[in-house]
file run.csv (CSV, N, CA and C atoms)
chain,number,residue,atom,x,y,z
A,1,MET,N,-2.3,12.0,-32.7
A,1,MET,CA,-1.5,12.4,-31.5
A,1,MET,C,-2.2,12.0,-30.2
A,2,TYR,N,-1.4,11.5,-29.3
A,2,TYR,CA,-2.0,11.0,-28.0
A,2,TYR,C,-2.4,12.2,-27.1
A,3,GLU,N,-3.6,12.2,-26.7
A,3,GLU,CA,-4.1,13.3,-25.8
A,3,GLU,C,-4.3,12.9,-24.4
A,4,GLY,N,-3.9,11.6,-24.0
A,4,GLY,CA,-4.0,11.2,-22.6
A,4,GLY,C,-5.3,10.6,-22.2
A,5,ASN,N,-6.2,10.4,-23.2
A,5,ASN,CA,-7.5,9.8,-22.9
A,5,ASN,C,-7.4,8.3,-22.9
A,6,VAL,N,-8.1,7.6,-22.1
A,6,VAL,CA,-8.1,6.2,-22.0
A,6,VAL,C,-9.5,5.7,-22.5
A,7,ASP,N,-9.4,4.8,-23.5
A,7,ASP,CA,-10.7,4.4,-24.1
A,7,ASP,C,-11.4,3.4,-23.1
A,8,ALA,N,-12.6,3.1,-23.4
A,8,ALA,CA,-13.4,2.2,-22.4
A,8,ALA,C,-12.8,0.8,-22.3
A,9,GLU,N,-12.2,0.3,-23.4
A,9,GLU,CA,-11.7,-1.1,-23.3
A,9,GLU,C,-10.4,-1.1,-22.4
A,10,THR,N,-9.6,-0.1,-22.6
A,10,THR,CA,-8.3,-0.1,-21.8
A,10,THR,C,-8.7,0.2,-20.3
A,11,GLY,N,-9.6,1.1,-20.1
A,11,GLY,CA,-10.0,1.4,-18.7
A,11,GLY,C,-10.6,0.1,-18.0
A,12,GLY,N,-11.4,-0.7,-18.8
A,12,GLY,CA,-12.0,-1.9,-18.3
A,12,GLY,C,-10.9,-2.9,-17.9
A,13,LEU,N,-9.9,-3.0,-18.8
A,13,LEU,CA,-8.8,-3.9,-18.5
A,13,LEU,C,-8.0,-3.5,-17.3
A,14,LEU,N,-7.8,-2.2,-17.1
A,14,LEU,CA,-7.1,-1.7,-16.0
A,14,LEU,C,-7.9,-2.0,-14.7
A,15,ALA,N,-9.2,-1.8,-14.7
A,15,ALA,CA,-10.0,-2.1,-13.6
A,15,ALA,C,-10.0,-3.6,-13.3
A,16,LEU,N,-10.0,-4.5,-14.3
A,16,LEU,CA,-9.9,-5.9,-14.1
A,16,LEU,C,-8.6,-6.3,-13.4
A,17,PHE,N,-7.5,-5.8,-13.9
A,17,PHE,CA,-6.2,-6.1,-13.3
A,17,PHE,C,-6.1,-5.6,-11.9
A,18,ALA,N,-6.6,-4.4,-11.7
A,18,ALA,CA,-6.6,-3.8,-10.3
A,18,ALA,C,-7.4,-4.7,-9.3
A,19,GLY,N,-8.6,-5.1,-9.8
A,19,GLY,CA,-9.4,-6.0,-9.0
A,19,GLY,C,-8.7,-7.3,-8.7
A,20,ALA,N,-8.1,-7.9,-9.7
A,20,ALA,CA,-7.4,-9.2,-9.6
A,20,ALA,C,-6.3,-9.0,-8.6
A,21,TYR,N,-5.5,-7.9,-8.7
A,21,TYR,CA,-4.4,-7.7,-7.8
A,21,TYR,C,-4.9,-7.5,-6.4
A,22,LEU,N,-6.0,-6.8,-6.2
A,22,LEU,CA,-6.5,-6.6,-4.8
A,22,LEU,C,-6.9,-8.0,-4.2
A,23,ILE,N,-7.6,-8.8,-5.0
A,23,ILE,CA,-8.0,-10.1,-4.5
A,23,ILE,C,-6.8,-11.0,-4.2
A,24,PHE,N,-5.7,-10.9,-5.0
A,24,PHE,CA,-4.5,-11.7,-4.8
A,24,PHE,C,-3.9,-11.2,-3.5
A,25,MET,N,-3.8,-9.9,-3.3
A,25,MET,CA,-3.1,-9.4,-2.1
A,25,MET,C,-3.9,-9.7,-0.8
A,26,VAL,N,-5.2,-9.7,-0.9
A,26,VAL,CA,-6.1,-10.1,0.3
A,26,VAL,C,-5.8,-11.6,0.6
A,27,VAL,N,-5.7,-12.5,-0.4
A,27,VAL,CA,-5.5,-13.9,-0.2
A,27,VAL,C,-4.1,-14.1,0.5
A,28,VAL,N,-3.1,-13.3,0.0
A,28,VAL,CA,-1.7,-13.4,0.5
A,28,VAL,C,-1.8,-13.0,2.0
A,29,TYR,N,-2.5,-11.9,2.3
A,29,TYR,CA,-2.6,-11.4,3.7
A,29,TYR,C,-3.2,-12.4,4.6
A,30,LEU,N,-4.3,-13.1,4.1
A,30,LEU,CA,-5.0,-14.1,4.9
A,30,LEU,C,-4.1,-15.3,5.2
A,31,ILE,N,-3.4,-15.7,4.2
A,31,ILE,CA,-2.5,-16.9,4.4
A,31,ILE,C,-1.4,-16.5,5.4
A,32,TYR,N,-0.8,-15.4,5.1
A,32,TYR,CA,0.3,-14.9,6.0
A,32,TYR,C,-0.1,-14.7,7.4
A,33,SER,N,-1.3,-14.1,7.6
A,33,SER,CA,-1.8,-13.8,8.9
A,33,SER,C,-2.2,-15.1,9.6
A,34,PHE,N,-2.8,-16.1,8.9
A,34,PHE,CA,-3.2,-17.4,9.5
A,34,PHE,C,-1.9,-18.1,10.0
A,35,CYS,N,-0.9,-18.0,9.2
A,35,CYS,CA,0.4,-18.7,9.6
A,35,CYS,C,1.0,-18.1,10.8
A,36,ILE,N,1.0,-16.7,10.9
A,36,ILE,CA,1.5,-16.0,12.1
A,36,ILE,C,0.6,-16.4,13.3
A,37,GLY,N,-0.7,-16.5,13.0
A,37,GLY,CA,-1.6,-16.9,14.1
A,37,GLY,C,-1.3,-18.3,14.6
A,38,LYS,N,-1.0,-19.2,13.7
A,38,LYS,CA,-0.7,-20.6,14.1
A,38,LYS,C,0.6,-20.6,14.9
A,39,VAL,N,1.6,-19.8,14.5
A,39,VAL,CA,2.9,-19.7,15.3
A,39,VAL,C,2.6,-19.1,16.7
A,40,LEU,N,1.8,-18.1,16.7
A,40,LEU,CA,1.4,-17.5,18.0
A,40,LEU,C,0.7,-18.5,18.9
A,41,GLU,N,-0.2,-19.3,18.3
A,41,GLU,CA,-1.0,-20.3,19.0
A,41,GLU,C,0.0,-21.4,19.6
A,42,LYS,N,1.0,-21.7,18.9
A,42,LYS,CA,2.0,-22.7,19.5
A,42,LYS,C,2.7,-22.1,20.7
A,43,ALA,N,2.7,-20.8,20.8
A,43,ALA,CA,3.4,-20.1,21.9
A,43,ALA,C,2.3,-19.7,23.0
A,44,GLY,N,1.1,-20.2,22.9
A,44,GLY,CA,0.1,-20.0,23.9
A,44,GLY,C,-0.7,-18.7,23.7
A,45,LYS,N,-0.7,-18.1,22.5
A,45,LYS,CA,-1.4,-16.9,22.2
A,45,LYS,C,-2.6,-17.3,21.3
A,46,PRO,N,-3.6,-16.4,21.2
A,46,PRO,CA,-4.8,-16.8,20.4
A,46,PRO,C,-4.5,-16.7,18.9
A,47,LEU,N,-5.1,-17.6,18.1
A,47,LEU,CA,-4.9,-17.6,16.7
A,47,LEU,C,-5.3,-16.3,16.0
A,48,TRP,N,-6.5,-15.7,16.5
A,48,TRP,CA,-7.0,-14.5,15.9
A,48,TRP,C,-6.0,-13.3,15.9
A,49,ALA,N,-5.1,-13.4,16.9
A,49,ALA,CA,-4.2,-12.3,17.0
A,49,ALA,C,-3.3,-12.1,15.8
A,50,GLY,N,-3.1,-13.2,15.1
A,50,GLY,CA,-2.3,-13.1,13.8
A,50,GLY,C,-2.9,-12.2,12.8
A,51,PHE,N,-4.2,-12.0,12.8
A,51,PHE,CA,-4.8,-11.2,11.8
A,51,PHE,C,-4.9,-9.7,12.2
A,52,VAL,N,-4.4,-9.3,13.4
A,52,VAL,CA,-4.5,-7.9,13.9
A,52,VAL,C,-3.2,-7.3,13.7
A,53,PRO,N,-3.1,-6.3,12.8
A,53,PRO,CA,-1.8,-5.6,12.6
A,53,PRO,C,-1.3,-4.9,13.8
A,54,ILE,N,-0.1,-4.8,14.0
A,54,ILE,CA,0.6,-4.2,15.1
A,54,ILE,C,0.5,-5.1,16.4
A,55,TYR,N,-0.7,-5.5,16.7
A,55,TYR,CA,-0.9,-6.4,17.9
A,55,TYR,C,-0.1,-7.7,17.7
A,56,ASN,N,-0.2,-8.2,16.4
A,56,ASN,CA,0.5,-9.5,16.2
A,56,ASN,C,2.1,-9.3,16.3
A,57,VAL,N,2.6,-8.2,15.9
A,57,VAL,CA,4.0,-7.9,16.1
A,57,VAL,C,4.3,-7.7,17.6
A,58,MET,N,3.5,-7.1,18.3
A,58,MET,CA,3.7,-7.0,19.8
A,58,MET,C,3.8,-8.3,20.4
A,59,LEU,N,2.9,-9.2,20.0
A,59,LEU,CA,2.9,-10.6,20.6
A,59,LEU,C,4.1,-11.4,20.2
A,60,LEU,N,4.6,-11.2,18.9
A,60,LEU,CA,5.8,-11.8,18.4
A,60,LEU,C,7.0,-11.3,19.2
A,61,LEU,N,7.0,-10.0,19.5
A,61,LEU,CA,8.1,-9.5,20.3
A,61,LEU,C,8.1,-10.1,21.7
A,62,GLU,N,6.9,-10.2,22.3
A,62,GLU,CA,6.7,-10.8,23.6
A,62,GLU,C,7.2,-12.3,23.7
A,63,ILE,N,6.8,-13.1,22.7
A,63,ILE,CA,7.2,-14.5,22.7
A,63,ILE,C,8.7,-14.7,22.5
A,64,VAL,N,9.4,-13.7,21.9
A,64,VAL,CA,10.8,-13.9,21.7
A,64,VAL,C,11.6,-13.2,22.8
A,65,GLY,N,11.0,-12.5,23.7
A,65,GLY,CA,11.6,-11.9,24.8
A,65,GLY,C,12.2,-10.5,24.5
A,66,ARG,N,11.7,-9.9,23.5
A,66,ARG,CA,12.2,-8.5,23.1
A,66,ARG,C,11.2,-7.5,23.8
A,67,PRO,N,11.7,-6.3,24.1
A,67,PRO,CA,10.7,-5.3,24.7
A,67,PRO,C,9.7,-4.8,23.7
A,68,THR,N,8.5,-4.5,24.2
A,68,THR,CA,7.4,-4.0,23.4
A,68,THR,C,7.8,-2.7,22.7
A,69,TRP,N,8.6,-1.9,23.3
A,69,TRP,CA,8.9,-0.6,22.6
A,69,TRP,C,9.7,-0.8,21.3
A,70,TRP,N,10.1,-2.0,21.0
A,70,TRP,CA,10.8,-2.3,19.7
A,70,TRP,C,9.8,-2.1,18.6
A,71,ILE,N,8.5,-2.0,18.9
A,71,ILE,CA,7.5,-1.8,17.8
A,71,ILE,C,7.8,-0.5,17.1
A,72,ILE,N,8.4,0.5,17.8
A,72,ILE,CA,8.8,1.8,17.3
A,72,ILE,C,9.9,1.6,16.2
A,73,LEU,N,10.8,0.7,16.4
A,73,LEU,CA,11.8,0.5,15.5
A,73,LEU,C,11.3,0.0,14.1
A,74,PHE,N,10.1,-0.6,14.1
A,74,PHE,CA,9.5,-1.1,12.9
A,74,PHE,C,9.0,0.1,12.0
A,75,LEU,N,8.9,1.3,12.6
A,75,LEU,CA,8.5,2.5,11.9
A,75,LEU,C,9.6,3.3,11.3
A,76,ILE,N,10.8,2.9,11.6
A,76,ILE,CA,12.0,3.7,11.0
A,76,ILE,C,12.5,3.0,9.8
A,77,PRO,N,12.5,3.7,8.6
A,77,PRO,CA,13.0,3.0,7.4
A,77,PRO,C,14.4,2.5,7.5
A,78,PHE,N,14.6,1.4,6.9
A,78,PHE,CA,15.9,0.7,6.9
A,78,PHE,C,16.2,0.0,8.3
A,79,VAL,N,16.0,0.7,9.4
A,79,VAL,CA,16.1,0.1,10.7
A,79,VAL,C,15.1,-1.1,10.8
A,80,ASN,N,13.9,-0.9,10.3
A,80,ASN,CA,12.9,-1.9,10.4
A,80,ASN,C,13.3,-3.2,9.7
A,81,LEU,N,14.1,-3.1,8.6
A,81,LEU,CA,14.6,-4.3,7.9
A,81,LEU,C,15.5,-5.1,8.8
A,82,ILE,N,16.4,-4.4,9.5
A,82,ILE,CA,17.4,-5.1,10.4
A,82,ILE,C,16.7,-5.7,11.6
A,83,VAL,N,15.7,-4.9,12.2
A,83,VAL,CA,15.0,-5.4,13.3
A,83,VAL,C,14.1,-6.6,12.9
A,84,MET,N,13.6,-6.6,11.7
A,84,MET,CA,12.8,-7.7,11.3
A,84,MET,C,13.6,-9.0,11.2
A,85,VAL,N,14.8,-8.9,10.7
A,85,VAL,CA,15.7,-10.1,10.6
A,85,VAL,C,16.1,-10.5,12.1
A,86,ILE,N,16.4,-9.6,13.0
A,86,ILE,CA,16.7,-10.0,14.3
A,86,ILE,C,15.5,-10.7,15.0
A,87,VAL,N,14.3,-10.2,14.8
A,87,VAL,CA,13.1,-10.8,15.4
A,87,VAL,C,12.8,-12.2,14.8
A,88,CYS,N,13.0,-12.3,13.5
A,88,CYS,CA,12.8,-13.6,12.9
A,88,CYS,C,13.8,-14.6,13.3
A,89,VAL,N,15.1,-14.2,13.5
A,89,VAL,CA,16.1,-15.1,14.1
A,89,VAL,C,15.7,-15.5,15.5
A,90,ASP,N,15.2,-14.6,16.3
A,90,ASP,CA,14.7,-14.9,17.6
A,90,ASP,C,13.5,-15.8,17.6
A,91,ILE,N,12.6,-15.6,16.7
A,91,ILE,CA,11.5,-16.6,16.5
A,91,ILE,C,12.0,-18.0,16.2
A,92,ALA,N,12.9,-18.0,15.3
A,92,ALA,CA,13.5,-19.4,14.9
A,92,ALA,C,14.1,-20.0,16.1
A,93,LYS,N,14.9,-19.3,16.9
A,93,LYS,CA,15.5,-19.8,18.1
A,93,LYS,C,14.5,-20.2,19.1
A,94,SER,N,13.4,-19.5,19.2
A,94,SER,CA,12.4,-19.8,20.2
A,94,SER,C,11.6,-21.1,19.9
A,95,PHE,N,11.8,-21.5,18.6
A,95,PHE,CA,11.2,-22.8,18.2
A,95,PHE,C,12.2,-23.9,17.9
A,96,GLY,N,13.4,-23.7,18.4
A,96,GLY,CA,14.4,-24.7,18.3
A,96,GLY,C,15.1,-24.7,17.0
A,97,LYS,N,15.0,-23.7,16.2
A,97,LYS,CA,15.6,-23.6,14.8
A,97,LYS,C,16.9,-22.8,14.9
A,98,ASP,N,17.7,-22.8,13.8
A,98,ASP,CA,19.0,-22.1,13.8
A,98,ASP,C,18.8,-20.7,13.2
A,99,VAL,N,20.0,-20.0,13.1
A,99,VAL,CA,20.0,-18.6,12.6
A,99,VAL,C,19.6,-18.6,11.1
A,100,VAL,N,20.1,-19.6,10.3
A,100,VAL,CA,19.8,-19.6,8.9
A,100,VAL,C,18.3,-19.7,8.7
A,101,TYR,N,17.6,-20.5,9.5
A,101,TYR,CA,16.1,-20.6,9.4
A,101,TYR,C,15.5,-19.3,9.7
A,102,GLY,N,16.0,-18.5,10.7
A,102,GLY,CA,15.5,-17.2,11.0
A,102,GLY,C,15.7,-16.2,9.9
A,103,VAL,N,16.8,-16.3,9.2
A,103,VAL,CA,17.1,-15.4,8.1
A,103,VAL,C,16.1,-15.7,6.9
A,104,LEU,N,16.0,-17.0,6.7
A,104,LEU,CA,15.0,-17.4,5.7
A,104,LEU,C,13.6,-17.0,6.0
A,105,LEU,N,13.3,-17.0,7.3
A,105,LEU,CA,11.9,-16.6,7.7
A,105,LEU,C,11.7,-15.1,7.4
A,106,ALA,N,12.8,-14.3,7.5
A,106,ALA,CA,12.7,-12.9,7.2
A,106,ALA,C,12.7,-12.7,5.7
A,107,LEU,N,13.5,-13.4,4.9
A,107,LEU,CA,13.6,-13.1,3.5
A,107,LEU,C,12.6,-13.8,2.6
A,108,VAL,N,12.2,-15.0,2.9
A,108,VAL,CA,11.1,-15.7,2.1
A,108,VAL,C,10.0,-16.1,3.1
A,109,GLY,N,9.4,-15.1,3.7
A,109,GLY,CA,8.4,-15.4,4.8
A,109,GLY,C,7.2,-16.1,4.2
A,110,LEU,N,6.8,-15.8,3.0
A,110,LEU,CA,5.6,-16.5,2.5
A,110,LEU,C,5.7,-18.0,2.4
A,111,ILE,N,7.0,-18.4,2.3
A,111,ILE,CA,7.2,-19.9,2.3
A,111,ILE,C,7.5,-20.4,3.7
A,112,MET,N,8.4,-19.7,4.4
A,112,MET,CA,8.9,-20.2,5.7
A,112,MET,C,7.9,-20.1,6.8
A,113,TRP,N,7.0,-19.0,6.9
A,113,TRP,CA,6.0,-18.9,7.9
A,113,TRP,C,5.1,-20.1,7.9
A,114,PRO,N,4.5,-20.6,6.7
A,114,PRO,CA,3.7,-21.8,6.7
A,114,PRO,C,4.5,-23.0,7.2
A,115,VAL,N,5.8,-23.1,6.8
A,115,VAL,CA,6.6,-24.2,7.2
A,115,VAL,C,6.7,-24.3,8.7
A,116,LEU,N,7.0,-23.1,9.3
A,116,LEU,CA,7.0,-23.1,10.8
A,116,LEU,C,5.7,-23.4,11.4
A,117,ALA,N,4.6,-22.8,10.8
A,117,ALA,CA,3.3,-22.9,11.4
A,117,ALA,C,2.8,-24.3,11.4
A,118,PHE,N,3.1,-25.1,10.4
A,118,PHE,CA,2.6,-26.4,10.2
A,118,PHE,C,3.6,-27.5,10.5
A,119,SER,N,4.8,-27.2,10.9
A,119,SER,CA,5.7,-28.2,11.3
A,119,SER,C,5.5,-28.7,12.7
A,120,ASP,N,6.3,-29.6,13.1
A,120,ASP,CA,6.2,-30.2,14.5
A,120,ASP,C,7.0,-29.4,15.5
A,121,ALA,N,7.5,-28.2,15.1
A,121,ALA,CA,8.3,-27.4,15.9
A,121,ALA,C,7.5,-26.9,17.1
A,122,THR,N,8.1,-27.0,18.3
A,122,THR,CA,7.4,-26.6,19.5
A,122,THR,C,8.1,-25.4,20.1
A,123,TYR,N,7.3,-24.6,20.7
A,123,TYR,CA,7.8,-23.3,21.4
A,123,TYR,C,8.6,-23.7,22.6
A,124,THR,N,9.9,-23.2,22.7
A,124,THR,CA,10.7,-23.5,23.8
A,124,THR,C,11.0,-22.3,24.7
A,125,GLY,N,10.4,-21.1,24.3
A,125,GLY,CA,10.6,-19.9,25.0
A,125,GLY,C,11.6,-19.0,24.4
A,126,PRO,N,11.7,-17.8,24.9
A,126,PRO,CA,12.6,-16.8,24.3
A,126,PRO,C,14.1,-17.2,24.6
A,127,SER,N,14.9,-16.9,23.6
A,127,SER,CA,16.3,-17.1,23.7
A,127,SER,C,17.1,-15.9,24.2
A,128,VAL,N,16.4,-14.8,24.3
A,128,VAL,CA,17.0,-13.5,24.8
A,128,VAL,C,16.3,-13.0,26.0
A,129,THR,N,16.9,-12.2,26.7
A,129,THR,CA,16.3,-11.6,27.9
A,129,THR,C,15.7,-10.2,27.6
A,130,THR,N,14.6,-9.9,28.2
A,130,THR,CA,14.0,-8.6,28.0
A,130,THR,C,14.9,-7.5,28.5
A,131,GLY,N,15.1,-6.5,27.7
A,131,GLY,CA,15.9,-5.4,28.1
A,131,GLY,C,15.6,-4.1,27.4
call {"tool": "encode", "arguments": {"input": "run.csv", "output": "structure tokens"}}
result
Amino acid sequence: MYEGNVDAETGGLLALFAGAYLIFMVVVYLIYSFCIGKVLEKAGKPLWAGFVPIYNVMLLLEIVGRPTWWIILFLIPFVNLIVMVIVCVDIAKSFGKDVVYGVLLALVGLIMWPVLAFSDATYTGPSVTTG
């Protein structure tokens, strides 16, 4: 009968998988942050800002012409998903891309952020007015 005990071998495997997952997530974070930093750098902001949570979103809002208080909208469940798509579309437009590119930026960001970061796209400025 199972009593809920985990033997040493199973515990070791769980620790190994947890460690591998942690390393994988750190690598994903570093790649994603570097790409955001490169996009910010194209807009005249420092590269290191891409690695600073919240601050990087504030700078993205700034370069697309959205008000900084929109950061609060990212804290509201489900609203944050809609706002993320809107901001990604604005980012795409600020770099001369279309709406489809912005939606892809929101949905498959791990692929599209590096594409934007390392493409020859240049920052043209916000396509919306601050309000």
call {"tool": "atom_distance", "arguments": {"input": "run.csv", "atom1": "atom CA of Ile71 of chain A", "atom2": "atom CA of Val99 of chain A"}}
result
21.6 Å
call {"tool": "atom_distance", "arguments": {"input": "run.csv", "atom1": "atom C of Thr68 of chain A", "atom2": "atom N of Ile86 of chain A"}}
result
14.7 Å
call {"tool": "select_by_dssp", "arguments": {"input": "run.csv", "residues": "segment 1-114 of chain A", "states": "alpha helix (DSSP H)", "output": "ChimeraX atom specification"}}
result
/A:8-42,55-64,79-94,99-107,109-114
call {"tool": "atom_distance", "arguments": {"input": "run.csv", "atom1": "atom CA of Pro126 of chain A", "atom2": "atom CA of Pro67 of chain A"}}
result
11.7 Å
call {"tool": "closest_residue", "arguments": {"input": "run.csv", "among": "A:Ile82, A:Leu59, A:Lys42, A:Ile31", "to": "Leu110 of chain A", "atoms": "all atoms listed in the file"}}
result
A:Ile31
call {"tool": "closest_residue", "arguments": {"input": "run.csv", "among": "A:Ala15, A:Ala121, A:Val83, A:Leu73", "to": "Phe95 of chain A", "atoms": "all atoms listed in the file"}}
result
A:Ala121
call {"tool": "closest_residue", "arguments": {"input": "run.csv", "among": "A:Pro46, A:Phe51, A:Leu61, A:Gly12", "to": "Leu30 of chain A", "atoms": "all atoms listed in the file"}}
result
A:Phe51
call {"tool": "closest_residue", "arguments": {"input": "run.csv", "among": "A:Tyr123, A:Phe118, A:Trp113, A:Phe78", "to": "Lys93 of chain A", "atoms": "only N, CA and C atoms"}}
result
A:Tyr123
call {"tool": "residues_around", "arguments": {"input": "run.csv", "residues": "Gly37 of chain A", "least_positions_apart": "3", "cutoff": "8 Å", "atoms": "only C-alpha atoms", "output": "list in words"}}
result
Ser33, Phe34, Leu40, Glu41, Pro46, Leu47, Trp48, Ala49, Gly50, Phe51 and Asn56 of chain A
call {"tool": "residues_near_point", "arguments": {"input": "run.csv", "point": "(15.3, -22.0, 22.0)", "cutoff": "8 Å", "atoms": "all atoms listed in the file", "output": "MDAnalysis selection string"}}
result
chainID A and resid 90:97 123:128
call {"tool": "residues_around", "arguments": {"input": "run.csv", "residues": "Cys88 of chain A", "least_positions_apart": "5", "cutoff": "6 Å", "atoms": "all atoms listed in the file", "output": "list of chain:residue names"}}
result
A:Val83, A:Gly102, A:Val103, A:Leu105, A:Ala106
